[in-house]
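Engineer: Compact mmCIF, C-alpha atoms, file input28.txt:
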# COMPACT_ATOMS: atom_id res chain seq x y z
CA MET A 58 173.34 84.57 90.90
CA SER A 59 174.79 81.13 90.30
CA GLN A 60 173.18 77.79 89.74
CA VAL A 61 174.12 74.41 91.16
CA THR A 62 172.16 71.19 91.44
CA LEU A 63 170.85 69.04 94.27
CA LYS A 64 170.59 65.45 93.09
CA GLY A 65 170.33 66.77 89.53
CA ASN A 66 167.65 69.38 90.23
CA PRO A 67 168.58 73.04 89.58
CA VAL A 68 169.10 75.25 92.66
CA GLN A 69 169.69 79.02 92.56
CA VAL A 70 172.48 80.48 94.68
CA ASP A 71 172.57 84.22 95.46
CA GLY A 72 175.77 86.21 95.08
CA GLN A 73 179.18 85.35 93.70
CA LEU A 74 182.15 83.70 95.36
CA PRO A 75 184.96 86.15 96.11
CA ALA A 76 187.36 86.33 93.16
CA VAL A 77 190.86 84.89 93.31
CA GLY A 78 193.22 87.76 94.09
CA ASP A 79 190.61 89.82 95.96
CA LYS A 80 190.58 90.47 99.69
CA ALA A 81 187.99 88.24 101.34
CA PRO A 82 184.95 89.98 102.83
CA ALA A 83 185.06 90.37 106.61
CA PHE A 84 182.59 88.26 108.57
CA SER A 85 181.43 87.41 112.06
CA LEU A 86 180.04 83.94 112.76
CA VAL A 87 179.15 82.00 115.91
CA ALA A 88 181.71 79.67 117.53
CA LYS A 89 180.94 76.54 119.55
CA ASP A 90 180.97 78.57 122.79
CA LEU A 91 178.33 80.92 121.26
CA SER A 92 180.84 83.77 120.97
CA ASP A 93 180.93 85.95 117.87
CA THR A 94 184.07 85.08 115.94
CA ALA A 95 185.39 87.33 113.19
CA LEU A 96 187.59 86.50 110.25
CA ALA A 97 190.06 89.01 111.75
CA GLY A 98 190.47 86.64 114.70
CA PHE A 99 192.49 84.36 112.42
CA ASP A 100 194.89 87.07 111.19
CA GLY A 101 198.33 85.76 110.32
CA LYS A 102 197.06 82.27 109.52
CA ARG A 103 196.18 80.73 106.19
CA LYS A 104 192.51 79.76 106.10
CA VAL A 105 190.47 77.08 104.37
CA LEU A 106 186.76 77.90 104.50
CA ASN A 107 184.88 74.62 104.15
CA ILE A 108 181.30 75.84 103.58
CA PHE A 109 178.35 73.43 103.46
CA PRO A 110 174.59 73.07 104.17
CA SER A 111 174.59 70.89 107.33
CA ILE A 112 177.02 68.76 109.26
CA ASP A 113 174.20 66.21 109.63
CA THR A 114 174.39 65.07 106.01
CA PRO A 115 176.81 62.37 104.82
CA THR A 116 178.74 64.49 102.30
CA CYS A 117 179.12 67.42 104.68
CA ALA A 118 180.31 65.12 107.46
CA THR A 119 182.83 63.54 105.08
CA SER A 120 184.21 66.96 104.10
CA VAL A 121 184.72 67.89 107.76
CA ARG A 122 186.50 64.58 108.42
CA ARG A 123 188.71 64.92 105.33
CA PHE A 124 189.69 68.52 106.04
CA ASN A 125 190.34 67.60 109.70
CA GLU A 126 192.74 64.89 108.52
CA LYS A 127 194.48 67.19 106.02
CA ALA A 128 194.65 70.15 108.44
CA SER A 129 196.93 68.27 110.81
CA GLN A 130 199.57 68.25 108.04
CA LEU A 131 199.40 71.99 107.24
CA ASP A 132 201.60 74.66 108.79
CA ASN A 133 200.05 77.92 109.97
CA THR A 134 196.66 76.95 108.55
CA VAL A 135 193.21 76.80 110.11
CA VAL A 136 190.21 75.02 108.58
CA LEU A 137 186.93 76.83 109.26
CA CYS A 138 183.92 74.56 108.77
CA ILE A 139 180.95 76.86 108.18
CA SER A 140 177.29 75.81 108.14
CA ALA A 141 173.86 76.85 109.40
CA ASP A 142 173.98 74.17 112.09
CA LEU A 143 173.67 75.37 115.65
CA PRO A 144 177.01 75.45 117.48
CA PHE A 145 175.75 72.67 119.79
CA ALA A 146 175.27 70.28 116.85
CA GLN A 147 178.66 71.19 115.37
CA ALA A 148 180.40 70.59 118.72
CA ARG A 149 178.52 67.31 119.28
CA PHE A 150 179.55 66.02 115.85
CA CYS A 151 183.22 66.97 116.20
CA GLY A 152 183.35 65.61 119.76
CA ALA A 153 181.79 62.28 118.78
CA GLU A 154 184.14 61.99 115.80
CA GLY A 155 187.27 63.11 117.70
CA LEU A 156 187.84 65.97 115.25
CA ASN A 157 190.07 68.64 116.75
CA ASN A 158 191.93 70.08 113.75
CA VAL A 159 189.00 72.16 112.47
CA VAL A 160 187.09 75.15 113.82
CA THR A 161 183.31 75.03 113.41
CA LEU A 162 181.39 78.25 112.84
CA SER A 163 177.64 78.77 112.51
CA THR A 164 175.78 81.30 110.40
CA LEU A 165 173.28 81.56 113.29
CA ARG A 166 173.96 85.32 113.65
CA GLY A 167 175.91 85.72 110.43
CA HIS A 168 173.37 85.41 107.62
CA ASP A 169 175.14 88.16 105.64
CA PHE A 170 178.06 85.72 105.23
CA LEU A 171 175.93 83.60 102.89
CA LYS A 172 175.29 86.45 100.44
CA ASN A 173 178.73 88.09 100.81
CA TYR A 174 180.44 84.80 99.97
CA GLY A 175 178.02 83.86 97.18
CA VAL A 176 176.74 80.68 98.83
CA ALA A 177 173.15 81.57 99.83
CA ILE A 178 170.84 78.85 98.51
CA ALA A 179 167.82 80.77 97.21
CA SER A 180 165.58 78.00 95.89
CA GLY A 181 164.72 74.37 96.46
CA PRO A 182 164.41 72.38 99.68
CA LEU A 183 167.69 73.74 101.12
CA ALA A 184 166.78 77.43 100.63
CA GLY A 185 168.29 79.48 103.44
CA LEU A 186 171.32 77.22 103.88
CA ALA A 187 174.79 77.48 102.38
CA ALA A 188 175.76 75.84 99.12
CA ARG A 189 178.83 73.61 99.23
CA ALA A 190 181.95 75.67 98.55
CA VAL A 191 185.59 76.05 99.48
CA VAL A 192 187.44 79.36 99.73
CA VAL A 193 191.17 79.39 100.51
CA LEU A 194 192.79 82.54 101.95
CA ASP A 195 196.38 83.51 102.65
CA GLU A 196 197.60 85.12 105.89
CA GLN A 197 196.32 88.55 104.77
CA ASP A 198 192.90 87.19 103.65
CA LYS A 199 193.72 87.35 99.95
CA VAL A 200 191.66 84.77 98.06
CA LEU A 201 193.90 82.03 96.64
CA HIS A 202 191.27 79.52 95.49
CA THR A 203 187.49 79.15 95.26
CA GLU A 204 185.16 76.33 94.34
CA LEU A 205 181.38 76.38 94.26
CA VAL A 206 180.64 72.66 94.03
CA GLY A 207 178.31 72.15 91.07
CA GLU A 208 176.34 69.31 92.66
CA ILE A 209 175.59 69.88 96.35
CA ALA A 210 175.68 66.13 97.04
CA ASN A 211 179.31 65.91 95.79
CA GLU A 212 182.47 66.49 97.79
CA PRO A 213 184.72 69.45 97.04
CA ASN A 214 188.06 69.08 95.28
CA TYR A 215 190.31 68.73 98.36
CA ASP A 216 193.51 68.49 96.34
CA ALA A 217 192.86 71.75 94.44
CA ALA A 218 192.10 73.59 97.68
CA LEU A 219 195.23 72.34 99.43
CA LYS A 220 197.42 72.89 96.34
CA ALA A 221 196.51 76.60 96.50
CA LEU A 222 198.36 76.73 99.82
CA GLY A 223 201.55 75.63 98.07
Please render this file's structure as structure tokens.
Structural biologist:
Amino acid sequence: MSQVTLKGNPVQVDGQLPAVGDKAPAFSLVAKDLSDTALAGFDGKRKVLNIFPSIDTPTCATSVRRFNEKASQLDNTVVLCISADLPFAQARFCGAEGLNNVVTLSTLRGHDFLKNYGVAIASGPLAGLAARAVVVLDEQDKVLHTELVGEIANEPNYDAALKALG
């Protein structure tokens, strides 16, 4: 179990982020068309997993916008924006914002992702959602970088995540 804060208040997070150098745990999450989408579906691509509580909060929305902007400059890389939001809300947000360089995925039918990736908020008002984190994977799903953001209201370290891709 890890601990982060939400506006300075302690929040417990179940599990541990995958370790750098390990193979990332397989997962299946829900895409905007309600299909089940597996990590294996992105084989051969580098992946940035932008994990957050809800796209309907300012910091989460900013992280999606920033990674969308950065993703357009990356070769053979896909940014997966993962939250508990329903696929309809994710699609509405990205459509309204004109964001087309990220893939949104919902934990709607993938609750095991939260525990397997060490981001399951276990206490506080956001219990049941994902903590803010970034996990960067190479083409073979080897973990290159992880960050569990210490304060949920803060943005992740974009530069560190992208630097891991070389």
Engineer: Which of these, A:Val159, A:Ala184, A:Met58, A:Ala81, has the shortest distance to His202 (chain A) once you count all atoms listed in the file?
Structural biologist: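 Of all the options, A:Ala81 lies closest to His202 (chain A).
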Engineer: Find the residues around Val61 (chain A) up to 8 Å (all atoms listed in the file counted), leave out those fewer than 2 positions away in its own chain, and share them as a VMD selection string.
Structural biologist: chain A and resid 59 63 67 to 70 206 to 209
Engineer: Quick one, how far is CA of Val191 (chain A) from CA of Pro213 (chain A)?
Structural biologist: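 Value for the CA of Val191 (chain A)-CA of Pro213 (chain A) distance: 7.1 Å.
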Engineer: Could you work out how far CA of Tyr174 (chain A) lies from CA of Leu74 (chain A), giving the answer in Å with one decimal?
Structural biologist: 5.0 Å
Engineer: CA of Glu212 (chain A) and CA of Pro182 (chain A), how far apart in Å?
Structural biologist: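 So the answer is 19.1 Å.
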Engineer: Could you check which of A:Ala141, A:Ala146, A:Leu106, A:Leu194 is closest to Phe124 (chain A), using all atoms listed in the file?
Structural biologist: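 Closest candidate: A:Leu106.
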Engineer: Write out as a PyMOL selection string each polymer residue whose atoms come within 6 Å of region 196-201 of chain A, counting all atoms listed in the file; drop sequence neighbours fewer than 2 positions from it.
Structural biologist: chain A and resi 77-81+101-103+193-194
Engineer: Using only C-alpha atoms, pick whichever of A:Asn214, A:Gln73, A:Asn107, A:Ser85 has the shortest atom-to-atom distance to Ala190 (chain A).
Structural biologist: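 Ranked by minimum distance to Ala190 (chain A), first place goes to A:Asn107.
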Engineer: Out of A:Arg166, A:Lys172, A:Arg149, A:Lys220, which residue has the shortest atom-to-atom distance to Ile112 (chain A) when counting all atoms listed in the file?
Structural biologist: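 Nearest candidate to Ile112 (chain A) out of A:Arg166, A:Lys172, A:Arg149, A:Lys220: A:Arg149.
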Engineer: Looking at all atoms listed in the file, which of A:Leu219, A:Val136, A:Val160, A:Leu205 is the one that sits closest to Ala188 (chain A)?
Structural biologist: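 Of all the options, A:Leu205 lies closest to Ala188 (chain A).
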Engineer: Taking all atoms listed in the file into account, which of A:Gln60, A:Val135, A:Leu86, A:Arg122 comes nearest Gly72 (chain A)?
Structural biologist: A:Gln60
Engineer: Excluding same-chain residues fewer than 4 positions from Leu165 (chain A), what lies within 10 Å of it counting all atoms listed in the file, as a PyMOL selection string?
Structural biologist: chain A and resi 86-88+91+93+140-144
